[in-house]
Amino acid sequence: MRHMRTTDTDPAPGLGELPFHILLALGDGPSHGYAIGQRVEEESGGRLDPTTGALYQALRRLTAEGVVTPVATPVEVEPRRKYFAITQLGRRAVTQEAQRLASLVRAARQRGLYPGRA
Amino acid sequence: MRVYRWLVRLCPDALRREYGAAMEETMARRLAAARTAGRWRTTKVWWRESAGLVTLALTERWRQLVSPKHKAKVEPASPKPIAKAGARQRMLAPPKAGIMDTIAQDVRQAARRLTRTPVFTTAAAATLALAIAANAVIFTLVHRVVLNPLPYADSERLLALDFGIPSRNVPSGVQVMTWQLYHQLADNAHTLDGIAGYYGSGATLTGNGTPERVAITRATPSLQSVLRVAPALGRWFTETEGTPGAPSVAVLSHGLWVRRFGADPAIVGRTILIDGVPTPIVGVMPVSFTFPRTPVDMWLPAQSTRASASFLFSVQGVARLRSDTTVATARAEITNLIEDLSRRAPNQKSLVSTALPLHEAVVGTIANALWILLAAVGLVLLVACANIANLFLVRSESRHREVAVRRALGAETRRLARYFLAESVLLGVVGGTLGLALASAGVRLLVAFGPVNLPRLSEVRVDAVVVIFTAGLSLLAAIAFGAIPLLRLAPMTATLHDSGRGQTATRGQHRARHVLMTAQVALALVLLVASGLMVRSVQHLRNMDLGFDPTSTLAFGVSLPERTYETRDRATSAHRAILDRLNTLPGVISAAASSSLPLNGANYGNGLIVENELNDPSQLQRQFAWFRAVSGRYLETAGIRLIRGRTITQGDVDRREPVVVIDEALAAMYFPGKDPIGKRVRSAAPANPRMPTPPWLEIVGVVANTPTATLTAPPLPQMFMPMSIAGGPDIPAPALIGPDITRMSYVVRTTHDPAELVGASRAAVEGVDANLALAQVRTLQEAVDRAGDQMMFTMVLLGVAAGVALLLGVIGIYGVVSYIAAQRTGEIGVRLALGAEPTGVTALILRQSAGVTMIGIGLGLAVALAGGGLIRALLYNVSPRDPIVIGAVTLLLTAVALVACWLPARRAARLSPLEALRID
């Protein structure tokens with residue numbers, strides 16, 4: 001969608017789909033790899049079904065960029081399991097992306113291409 | 001799970017340390033969840049996950065390699081929130097994509113898409129791998145055997161001295177010449193930069209360890225300069241060592257040096273006993289050296305001078321062409337020199353030089369067969385690509401909506417092309433790599449178990465050229481079947497308007513499929529015809545009348561060293577003693593000997609003069625005859641069929657009777673339409689007042705023709721004489737009337753398995769002289785089988801190619817017809833609901849695909865008939881248009897193809913109308 005301009009000052013393209021879904025899945029609280037994968041699949045309607053490798057690669061990326069952070073594993077749980085939580089930066093990124101998408105939906109409604117009130 | 005853990009180890013360390021355990025745990029849970037859904041789901045999940053993991057490992061490692069500063073970025077950063085705007089910008093935007101990153105992304109996404117459909121990916125990759133492997137193996141053969149130059153310096157300038165006798169209807173293929181001719185050429189040929197003579201023989205090596213029979217090549221000292229090779233140790237022969245009477249020396253082959261002398265570095269100077277003669281070793285050849293093509297254990301000097309040169313055809317020649325002339329010029333000069341020589345030595349009068357590059361002489365007829373095989377596997381690859389293209393078509397059509405959306409939103413065609421090509425190229429890489437691995441194994445199997453007389457087999461291996469060829473072919477194939485969905489992109493803009501899935505198939509798409517189907521059927525037919533013709537050739541070969549009976553016979557060679565057996569008579573007695581012992585062994589029906597067995601090569605030959613036709617100028621216009629010296633009852637022991645008269649008996653040998661038995665070919669050539677019994681012939685020696693003329697020999701019998709070198713060559717005229725009147729070490733060359741009998745081949749006919757008699761035969765031979773050894777122990781049946789090896793080899797490979805093409809073709813047809821039937825489900829439902837009979841519906845679908853199939857068969861027939869001439873060289877006694885083969889193959893393929901069309905048609909018609917309409 002290169003010819004669409006975002007309302008933000010920076011012209012960079014938006015957050016990728018998989019990272020966005022991961023952050024969404026973490027919105028309710030910290031979670032671990034398997035559960036995140038399940039939620040992403042559900043919430044994307046089956047369209048996104050990342051393999052374990054792809055999932056952790058994305059988590060690693062997000063951790064490096066500071067939007068996600070590893071947290072301590074609860075004691076009663078299998079020690080190998082790694083838990084992740086969304087950071088403040090992450091919340092801000094989700095907000096920004098959601099705003100962008102909302103403005104697109106608004107524009108589509110205004111032009112009568114999408115049902116609902118603009 | 002263990003495997004998964006091992007796969008995790010492929011990832012870079014940092015990733016593994018951080019997330020390895022967590023990934024394993026997640027994977028374990030996913031597997032557990034999948035197991036409740038059944039084995040099929042579990043397998044799917046497993047394959048997908050593994051592929052995803054491998055992709056991850058590869059991309060992470062690639063990134064590590066390519067951008068070290070990237071590593072710093074992906075190290076887990078401290079979780080402190082970074083409040084700077086620039087940092088936020090950087091965080092919210094993925095790093096600026098370089099070209100490598102884009103490609104990596106494409107590849108990663110393509111890999112993801114492929115792993116999501118494991119059935120398609122596995123089918124496509126496996127089909128491609130098999131076809132690529134077949135092509136790589138045959139190409140390896142073509143490259144190393146046919147295309148690669150011989151392993152000598154400047155090998156294109158080496159000539160094999162070959163001759164023809166056009167006046168006797170022998171266009172070429174006479175590979176032996178006389179020593180007289182050798183010296184004539186060595187002295188006077190300006191177009192040649194050097195000439196060497198050589199001939200093969202054998203001897204018994206004694207002195208350190210058990211006596212061993214070794215294969216020897218005697219060669220002139222000039223061989224070193226002609227071939228431009230140098231020994232790895234020591235030196236080659238000097239000029240003096242090549243003169244008669246000079247002390248003998250030996251140069252070992254690398255193989256013999258390692259095998260018998262333990263690669264002793266001090267071997268040069270040691271003396272060994274060859275046929276009892278102490279011979280110092282002066283050199284060892286390098287491991288890669290082999291000349292002539294059959295394995296040679298050692299080289300001894302061939303001793304000859306102009307003065308002593310014989311007129312017997314007993315030496316082969318190889319020469320180096322001078323750098324500024326051509327083969328044609330050399331041939332002309334050699335023919336002139338032969339003319340010149342024949343004034344002194346008339347028996348060489350009609351020889352004409354047909355010298356050819358050594359490479360052609362070595363590679364021979366196998367080149368033809370190999371090129372045809374390469375074409376055959378190329379066709380199989382085409383069929384495989386057609387199948388994969390069909391699979392891709394299905395895939396691309398099921399995603400057309402997604403692609404159409406992207407297109408409408410402005411994605412450029414180039415990006416979409418990358419989208420499709422990434423998948424096909426990735427598939428190509430996987431298929432090609434697998435194919436190369438399969439091919440390496442296949443080549444190794446081939447070298448170990450392939451036909452023994454495949455020339456240059458020892459040089460066959462997978463090298464860089466083969467790898468590059470395989471890579472190129474895989475890429476080409478990938479682009480070919482990846483381009484198909486691209487070509488279908490153009491009409492896709494219309495698809496956005498469609499509502500349901502059922503109407504999306506347009507006529508254009510059906511046409512593409514039908515074209516592919518036609519092509520597959522045609523290609524399969526061509527291959528099946530070729531294969532069928534080869535099968536009939538082999539059948540004819542097996543059923544041919546050999547003229548002798550190879551069953552239940554043991555054969556071996558015995559060579560009497562000239563030192564101990566200096567006269568022909570002593571040699572005759574020794575052979576008689578051995579035969580007497582052999583004949584008393586239990587299980588032996590009879591034993592006999594000959595200077596040359598069937599399929600042992602042409603060996604000793606000369607012109608023949610017929611009595612009372614001395615004044616006939618067409619006398620010497622006849623072809624050579626090939627002489628064999630035999631013991632009594634040889635013809636019966638070998639099972640050679642007697643046609644007229646009688647055979648050579650032991651009495652003839654004992655009394656030195658001047659008699660001969662000739663074969664049908666000689667009778668037809670020298671006595672056409674007349675009864676040869678009672679006529680007299682003698683060897684055509686040139687008039688020499690100092691030497692007695694060879695005696696006249698009376699013809700007492702006629703036997704059937706027997707093959708000399710190959711099974712398929714026309715029979716050569718042969719003559720059998722008692723060994724006691726043939727040649728020996730005490731008979732000077734000009735007075736020889738037959739082959740030297742110190743070397744004889746024995747034939748033992750047994751009541752049971754010949755192999756059981758090997759030990760007893762060896763004991764019998766050693767009982768006469770403990771220094772003798774058996775050479776080339778084999779059964780005559782083996783020799784016959786081996787002679788048919790090359791043709792069998794070609795037949796088997798062509799058969800496999802044809803079988804694979806048929807299988808792929810059938811799968812392809814089934815797939816296409818199924819797909820088209822599925823597309824027409826709506827129409828079928830309507831028809832059924834309106835009361836049409838299921839058989840009528842089946843017929844409807846069948847009509848269309850059957851029509852396409854028949855077009856394919858017609859096309860294939862046309863190609864097979866037109867291209868028949870290409871395969872003619874490989875066939876034996878079979879016409880390339882043999883109606884039985886073509887008819888049978890056409891029927892078979894038609895039947896199979898129609899069944900493949902009918903099955904899915906029938907299944908489609910079986911649907912209830914409601915189901916059919918609901919599917920839409």
# chains A, B, ... in the order shown; residues from 1 in each chain; ligands from 1
>>> closest_atom_pairs(of="chain A", to="chain B", cutoff="10 Å", atoms="only C-alpha atoms", output="Markdown table")
| residue | atom | partner | partner_atom | distance |
| --- | --- | --- | --- | --- |
| A:Met1 | CA | B:Leu409 | CA | 6.8 |
| A:Arg2 | CA | B:Gly410 | CA | 8.3 |
| A:His3 | CA | B:Gly410 | CA | 8.6 |
| A:Asp10 | CA | B:Gln89 | CA | 7.4 |
| A:Pro11 | CA | B:Ala93 | CA | 9.5 |
| A:Ala12 | CA | B:Ala93 | CA | 5.9 |
| A:Pro13 | CA | B:Ala93 | CA | 6.6 |
| A:Gly14 | CA | B:Ala93 | CA | 6.8 |
| A:Leu15 | CA | B:Leu92 | CA | 6.5 |
| A:Gly16 | CA | B:Pro94 | CA | 8.6 |
| A:His32 | CA | B:Thr26 | CA | 8.6 |
| A:Gly33 | CA | B:Thr26 | CA | 6.2 |
| A:Tyr34 | CA | B:Thr26 | CA | 5.0 |
| A:Ala35 | CA | B:Thr26 | CA | 8.8 |
| A:Gly37 | CA | B:Thr26 | CA | 9.1 |
| A:Gln38 | CA | B:Arg30 | CA | 9.6 |
| A:Asp49 | CA | B:Arg116 | CA | 8.9 |
| A:Pro50 | CA | B:Arg112 | CA | 8.4 |
| A:Thr51 | CA | B:Glu49 | CA | 5.5 |
| A:Thr52 | CA | B:Met23 | CA | 6.4 |
| A:Gly53 | CA | B:Leu53 | CA | 4.9 |
| A:Ala54 | CA | B:Leu56 | CA | 6.7 |
| A:Leu55 | CA | B:Met23 | CA | 9.1 |
| A:Tyr56 | CA | B:Tyr19 | CA | 7.2 |
| A:Gln57 | CA | B:Leu56 | CA | 7.4 |
| A:Leu59 | CA | B:Tyr19 | CA | 9.6 |
| A:Arg60 | CA | B:Val74 | CA | 7.5 |
| A:Arg61 | CA | B:Val74 | CA | 6.4 |
| A:Leu62 | CA | B:Met91 | CA | 8.9 |
| A:Thr63 | CA | B:Pro76 | CA | 6.2 |
| A:Ala64 | CA | B:Pro76 | CA | 4.8 |
| A:Glu65 | CA | B:Met91 | CA | 5.5 |
| A:Gly66 | CA | B:Pro79 | CA | 6.0 |
| A:Val67 | CA | B:Met91 | CA | 8.2 |
| A:Val68 | CA | B:Pro79 | CA | 8.2 |
| A:Thr69 | CA | B:Pro79 | CA | 6.4 |
| A:Pro70 | CA | B:Pro79 | CA | 8.8 |
| A:Glu78 | CA | B:Glu25 | CA | 8.8 |
| A:Pro79 | CA | B:Ala22 | CA | 9.0 |
| A:Arg80 | CA | B:Ala22 | CA | 5.4 |
| A:Arg81 | CA | B:Ala22 | CA | 5.0 |
| A:Lys82 | CA | B:Ala22 | CA | 5.5 |
| A:Tyr83 | CA | B:Ala22 | CA | 9.0 |
| A:Thr87 | CA | B:Pro81 | CA | 7.9 |
| A:Gln88 | CA | B:Pro81 | CA | 7.2 |
| A:Leu89 | CA | B:Pro81 | CA | 6.5 |
| A:Gly90 | CA | B:Leu92 | CA | 9.3 |
| A:Arg92 | CA | B:Arg88 | CA | 9.6 |
| A:Ala93 | CA | B:Leu92 | CA | 6.7 |
| A:Val94 | CA | B:Leu92 | CA | 9.7 |
| A:Gln96 | CA | B:Leu92 | CA | 9.3 |
| A:Glu97 | CA | B:Leu92 | CA | 9.4 |
>>> atom_distance(atom1="CA of Val296 in chain B", atom2="CA of Val251 in chain B")
10.8 Å
>>> residues_around(residues="Val318 in chain B", least_positions_apart="4", cutoff="12 Å", atoms="only C-alpha atoms", output="PyMOL selection string")
chain B and resi 155+157-162+175-177+182+185-186+192-199+219-220+222-227+291-292+355-359+361-362
>>> select_by_dssp(residues="range 578-706 of chain B", states="strand (DSSP E)", output="ChimeraX atom specification")
/B:588-594,605-606,608-610,625-630,642-645,659-663,680-683,697-703
>>> write_last_selection(atoms="C-alpha atoms", output="CSV table (one decimal), in the first residue's frame")
chain,number,residue,atom,x,y,z
B,588,VAL,CA,34.5,-84.0,-17.4
B,589,ILE,CA,32.9,-85.0,-20.7
B,590,SER,CA,35.8,-83.8,-22.7
B,591,ALA,CA,38.6,-81.3,-22.6
B,592,ALA,CA,40.4,-79.6,-25.5
B,593,ALA,CA,42.4,-76.5,-26.4
B,594,SER,CA,42.5,-73.8,-29.1
B,605,GLY,CA,45.1,-63.9,-39.3
B,606,ASN,CA,46.6,-63.8,-42.8
B,608,LEU,CA,45.0,-67.5,-47.9
B,609,ILE,CA,46.1,-68.9,-51.2
B,610,VAL,CA,43.9,-71.6,-52.8
B,625,ALA,CA,41.2,-65.6,-42.9
B,626,TRP,CA,41.7,-66.1,-39.2
B,627,PHE,CA,43.7,-69.2,-38.2
B,628,ARG,CA,43.2,-71.2,-35.0
B,629,ALA,CA,45.5,-74.0,-33.8
B,630,VAL,CA,43.5,-76.7,-32.0
B,642,LEU,CA,29.8,-79.8,-38.0
B,643,ILE,CA,28.2,-79.2,-41.4
B,644,ARG,CA,30.2,-81.3,-43.8
B,645,GLY,CA,33.1,-83.7,-43.6
B,659,VAL,CA,44.6,-80.8,-42.7
B,660,VAL,CA,42.3,-77.9,-41.8
B,661,VAL,CA,38.6,-77.4,-41.1
B,662,ILE,CA,37.0,-74.2,-42.3
B,663,ASP,CA,33.8,-72.4,-41.3
B,680,ARG,CA,44.0,-77.3,-50.6
B,681,VAL,CA,45.0,-73.9,-49.2
B,682,ARG,CA,48.0,-72.3,-47.6
B,683,SER,CA,49.0,-69.2,-45.7
B,697,LEU,CA,46.7,-77.9,-46.2
B,698,GLU,CA,43.8,-80.1,-47.2
B,699,ILE,CA,40.3,-79.0,-46.2
B,700,VAL,CA,38.5,-82.0,-44.5
B,701,GLY,CA,35.5,-80.4,-43.0
B,702,VAL,CA,33.1,-77.4,-42.7
B,703,VAL,CA,31.7,-76.1,-39.4
>>> atom_distance(atom1="CA of Ala332 in chain B", atom2="CA of Pro171 in chain B")
15.3 Å
>>> residues_around(residues="range 577-582 of chain B", least_positions_apart="3", cutoff="12 Å", atoms="only C-alpha atoms", output="JSON, numbers by chain")
{"B": [554, 558, 560, 570, 571, 572, 573, 574, 585, 586, 587, 588, 589, 590, 591, 592, 593, 594, 630, 631, 632, 633, 634, 637, 650, 744, 745, 746, 747, 748, 749, 750, 757, 758, 759, 760, 761, 762, 763, 764, 765, 766, 767, 768, 769, 770, 772, 774]}
>>> write_last_selection(atoms="N, CA and C atoms", output="short mmCIF file (atom, residue, chain, number, x, y, z; two decimals), in the first residue's frame")
data_model
loop_
_atom_site.label_atom_id
_atom_site.label_comp_id
_atom_site.auth_asym_id
_atom_site.auth_seq_id
_atom_site.Cartn_x
_atom_site.Cartn_y
_atom_site.Cartn_z
N LEU B 554 33.87 -74.88 -18.89
CA LEU B 554 34.83 -74.05 -18.19
C LEU B 554 35.91 -73.65 -19.19
N VAL B 558 46.29 -71.08 -20.62
CA VAL B 558 47.56 -71.56 -20.07
C VAL B 558 48.66 -71.09 -20.99
N LEU B 560 52.71 -71.32 -21.83
CA LEU B 560 53.94 -72.05 -21.54
C LEU B 560 55.12 -71.11 -21.75
N ARG B 570 57.70 -79.61 -28.03
CA ARG B 570 57.63 -79.69 -26.57
C ARG B 570 56.32 -79.08 -26.09
N ALA B 571 55.93 -77.96 -26.70
CA ALA B 571 54.68 -77.31 -26.29
C ALA B 571 53.50 -78.24 -26.57
N THR B 572 53.53 -78.89 -27.74
CA THR B 572 52.42 -79.80 -28.07
C THR B 572 52.33 -80.92 -27.04
N SER B 573 53.49 -81.49 -26.67
CA SER B 573 53.47 -82.58 -25.68
C SER B 573 52.93 -82.09 -24.36
N ALA B 574 53.35 -80.90 -23.94
CA ALA B 574 52.88 -80.38 -22.66
C ALA B 574 51.37 -80.23 -22.66
N LEU B 585 39.47 -86.39 -15.27
CA LEU B 585 38.79 -85.86 -14.09
C LEU B 585 37.34 -86.30 -14.08
N PRO B 586 36.81 -86.63 -12.87
CA PRO B 586 35.39 -87.01 -12.80
C PRO B 586 34.51 -85.81 -13.15
N GLY B 587 33.49 -86.05 -13.93
CA GLY B 587 32.56 -84.98 -14.29
C GLY B 587 32.93 -84.31 -15.59
N VAL B 588 34.07 -84.68 -16.18
CA VAL B 588 34.49 -84.04 -17.43
C VAL B 588 34.03 -84.89 -18.60
N ILE B 589 33.28 -84.30 -19.50
CA ILE B 589 32.85 -85.01 -20.70
C ILE B 589 33.99 -85.03 -21.70
N SER B 590 34.57 -83.85 -21.94
CA SER B 590 35.79 -83.81 -22.75
C SER B 590 36.50 -82.49 -22.54
N ALA B 591 37.81 -82.50 -22.79
CA ALA B 591 38.61 -81.28 -22.64
C ALA B 591 39.43 -81.09 -23.90
N ALA B 592 39.61 -79.86 -24.32
CA ALA B 592 40.39 -79.59 -25.53
C ALA B 592 40.95 -78.18 -25.43
N ALA B 593 41.76 -77.81 -26.44
CA ALA B 593 42.39 -76.49 -26.40
C ALA B 593 42.38 -75.87 -27.78
N SER B 594 42.42 -74.54 -27.79
CA SER B 594 42.49 -73.81 -29.06
C SER B 594 43.31 -72.55 -28.82
N VAL B 630 44.35 -75.98 -32.97
CA VAL B 630 43.51 -76.67 -31.99
C VAL B 630 44.07 -78.04 -31.66
N SER B 631 43.58 -78.55 -30.53
CA SER B 631 43.92 -79.93 -30.16
C SER B 631 42.83 -80.82 -30.73
N GLY B 632 43.00 -82.10 -30.57
CA GLY B 632 41.99 -83.03 -31.07
C GLY B 632 40.67 -82.83 -30.33
N ARG B 633 39.55 -83.06 -31.00
CA ARG B 633 38.21 -82.97 -30.41
C ARG B 633 37.87 -81.56 -29.91
N TYR B 634 38.59 -80.55 -30.37
CA TYR B 634 38.25 -79.20 -29.90
C TYR B 634 36.86 -78.81 -30.40
N THR B 637 34.24 -80.44 -28.34
CA THR B 637 34.19 -79.93 -26.96
C THR B 637 33.52 -78.57 -26.90
N GLN B 650 42.58 -86.16 -32.51
CA GLN B 650 43.87 -86.24 -31.82
C GLN B 650 44.89 -86.90 -32.72
N MET B 744 47.63 -71.20 -25.12
CA MET B 744 46.40 -71.84 -25.59
C MET B 744 45.28 -71.59 -24.60
N SER B 745 44.07 -71.59 -25.13
CA SER B 745 42.91 -71.48 -24.26
C SER B 745 42.24 -72.84 -24.18
N TYR B 746 41.94 -73.25 -22.97
CA TYR B 746 41.36 -74.57 -22.76
C TYR B 746 39.86 -74.49 -22.59
N VAL B 747 39.19 -75.53 -23.09
CA VAL B 747 37.75 -75.64 -22.91
C VAL B 747 37.47 -77.00 -22.29
N VAL B 748 36.72 -77.01 -21.19
CA VAL B 748 36.40 -78.27 -20.52
C VAL B 748 34.88 -78.38 -20.43
N ARG B 749 34.32 -79.38 -21.05
CA ARG B 749 32.86 -79.57 -20.98
C ARG B 749 32.55 -80.52 -19.84
N THR B 750 31.63 -80.12 -18.97
CA THR B 750 31.37 -80.92 -17.76
C THR B 750 29.92 -81.36 -17.70
N LEU B 757 35.00 -77.45 -11.08
CA LEU B 757 36.19 -78.10 -11.60
C LEU B 757 37.43 -77.21 -11.60
N VAL B 758 37.28 -75.97 -11.14
CA VAL B 758 38.42 -75.05 -11.23
C VAL B 758 39.62 -75.59 -10.46
N GLY B 759 39.36 -76.01 -9.21
CA GLY B 759 40.47 -76.52 -8.39
C GLY B 759 41.13 -77.72 -9.03
N ALA B 760 40.30 -78.65 -9.50
CA ALA B 760 40.87 -79.86 -10.09
C ALA B 760 41.65 -79.53 -11.36
N SER B 761 41.13 -78.58 -12.14
CA SER B 761 41.86 -78.21 -13.36
C SER B 761 43.20 -77.61 -13.02
N ARG B 762 43.18 -76.73 -12.00
CA ARG B 762 44.45 -76.11 -11.61
C ARG B 762 45.43 -77.19 -11.20
N ALA B 763 44.95 -78.17 -10.44
CA ALA B 763 45.84 -79.25 -9.99
C ALA B 763 46.38 -80.01 -11.19
N ALA B 764 45.52 -80.24 -12.18
CA ALA B 764 45.97 -80.98 -13.37
C ALA B 764 47.08 -80.22 -14.08
N VAL B 765 46.90 -78.93 -14.22
CA VAL B 765 47.92 -78.12 -14.89
C VAL B 765 49.21 -78.09 -14.09
N GLU B 766 49.07 -77.88 -12.81
CA GLU B 766 50.28 -77.82 -11.99
C GLU B 766 50.97 -79.17 -11.90
N GLY B 767 50.17 -80.22 -12.09
CA GLY B 767 50.77 -81.57 -12.07
C GLY B 767 51.74 -81.77 -13.21
N VAL B 768 51.54 -81.07 -14.30
CA VAL B 768 52.45 -81.18 -15.43
C VAL B 768 53.65 -80.25 -15.23
N ASP B 769 53.38 -79.04 -14.74
CA ASP B 769 54.48 -78.10 -14.47
C ASP B 769 54.01 -77.15 -13.38
N ALA B 770 54.70 -77.20 -12.22
CA ALA B 770 54.22 -76.42 -11.06
C ALA B 770 54.30 -74.92 -11.29
N LEU B 772 53.17 -73.33 -13.85
CA LEU B 772 52.13 -72.81 -14.74
C LEU B 772 50.94 -72.32 -13.92
N LEU B 774 46.70 -70.81 -14.20
CA LEU B 774 45.51 -70.62 -15.05
C LEU B 774 45.23 -69.14 -15.18
#
>>> residues_around(residues="range 904-909 of chain B", least_positions_apart="6", cutoff="7 Å", atoms="only C-alpha atoms", output="PyMOL selection string")
chain B and resi 814+817-818+821+838+841-842+845-846
>>> write_last_selection(atoms="N, CA and C atoms", output="tab-separated table (two decimals), in the first residue's frame")
chain	number	residue	atom	x	y	z
B	814	TYR	N	-4.57	-38.82	-14.73
B	814	TYR	CA	-5.56	-38.99	-13.68
B	814	TYR	C	-5.82	-37.67	-12.97
B	817	VAL	N	-7.72	-35.11	-15.31
B	817	VAL	CA	-9.14	-35.45	-15.55
B	817	VAL	C	-9.93	-35.28	-14.25
B	818	SER	N	-9.34	-35.67	-13.13
B	818	SER	CA	-10.02	-35.47	-11.84
B	818	SER	C	-10.34	-34.01	-11.64
B	821	ALA	N	-13.01	-32.80	-13.97
B	821	ALA	CA	-14.31	-33.33	-13.55
B	821	ALA	C	-14.82	-32.58	-12.33
B	838	PRO	N	-25.93	-41.93	-15.19
B	838	PRO	CA	-24.52	-41.75	-14.81
B	838	PRO	C	-23.55	-42.19	-15.91
B	841	VAL	N	-23.08	-39.47	-18.27
B	841	VAL	CA	-22.20	-38.40	-17.77
B	841	VAL	C	-20.74	-38.84	-17.86
B	842	THR	N	-20.49	-40.09	-17.47
B	842	THR	CA	-19.13	-40.60	-17.58
B	842	THR	C	-18.64	-40.47	-19.01
B	845	ILE	N	-17.59	-36.88	-19.96
B	845	ILE	CA	-16.26	-36.45	-19.50
B	845	ILE	C	-15.17	-37.22	-20.22
B	846	LEU	N	-15.45	-38.53	-20.39
B	846	LEU	CA	-14.45	-39.40	-20.99
B	846	LEU	C	-14.15	-38.96	-22.43
>>> residues_around(residues="Pro118 in chain B", least_positions_apart="5", cutoff="9 Å", atoms="only C-alpha atoms", output="PyMOL selection string")
chain B and resi 44+47-48+123
>>> write_last_selection(atoms="N, CA and C atoms", output="tab-separated table (two decimals), in the first residue's frame")
chain	number	residue	atom	x	y	z
B	44	LYS	N	1.54	-34.44	9.53
B	44	LYS	CA	1.55	-33.13	8.89
B	44	LYS	C	2.23	-32.11	9.79
B	47	TRP	N	6.03	-32.62	9.97
B	47	TRP	CA	6.77	-32.18	8.79
B	47	TRP	C	6.83	-30.66	8.72
B	48	ARG	N	5.70	-30.03	8.98
B	48	ARG	CA	5.63	-28.58	8.90
B	48	ARG	C	6.58	-27.93	9.86
B	123	ALA	N	5.31	-34.21	-3.10
B	123	ALA	CA	5.11	-34.82	-4.42
B	123	ALA	C	5.97	-34.12	-5.46
>>> closest_residue(among="B:Leu844, B:Val852, B:Leu434, B:Ala266", to="His510 in chain B", atoms="only C-alpha atoms")
B:Val852
>>> closest_residue(among="B:Asn877, B:Ser537, B:Asn543, B:Asn390", to="Met791 in chain B", atoms="only C-alpha atoms")
B:Ser537
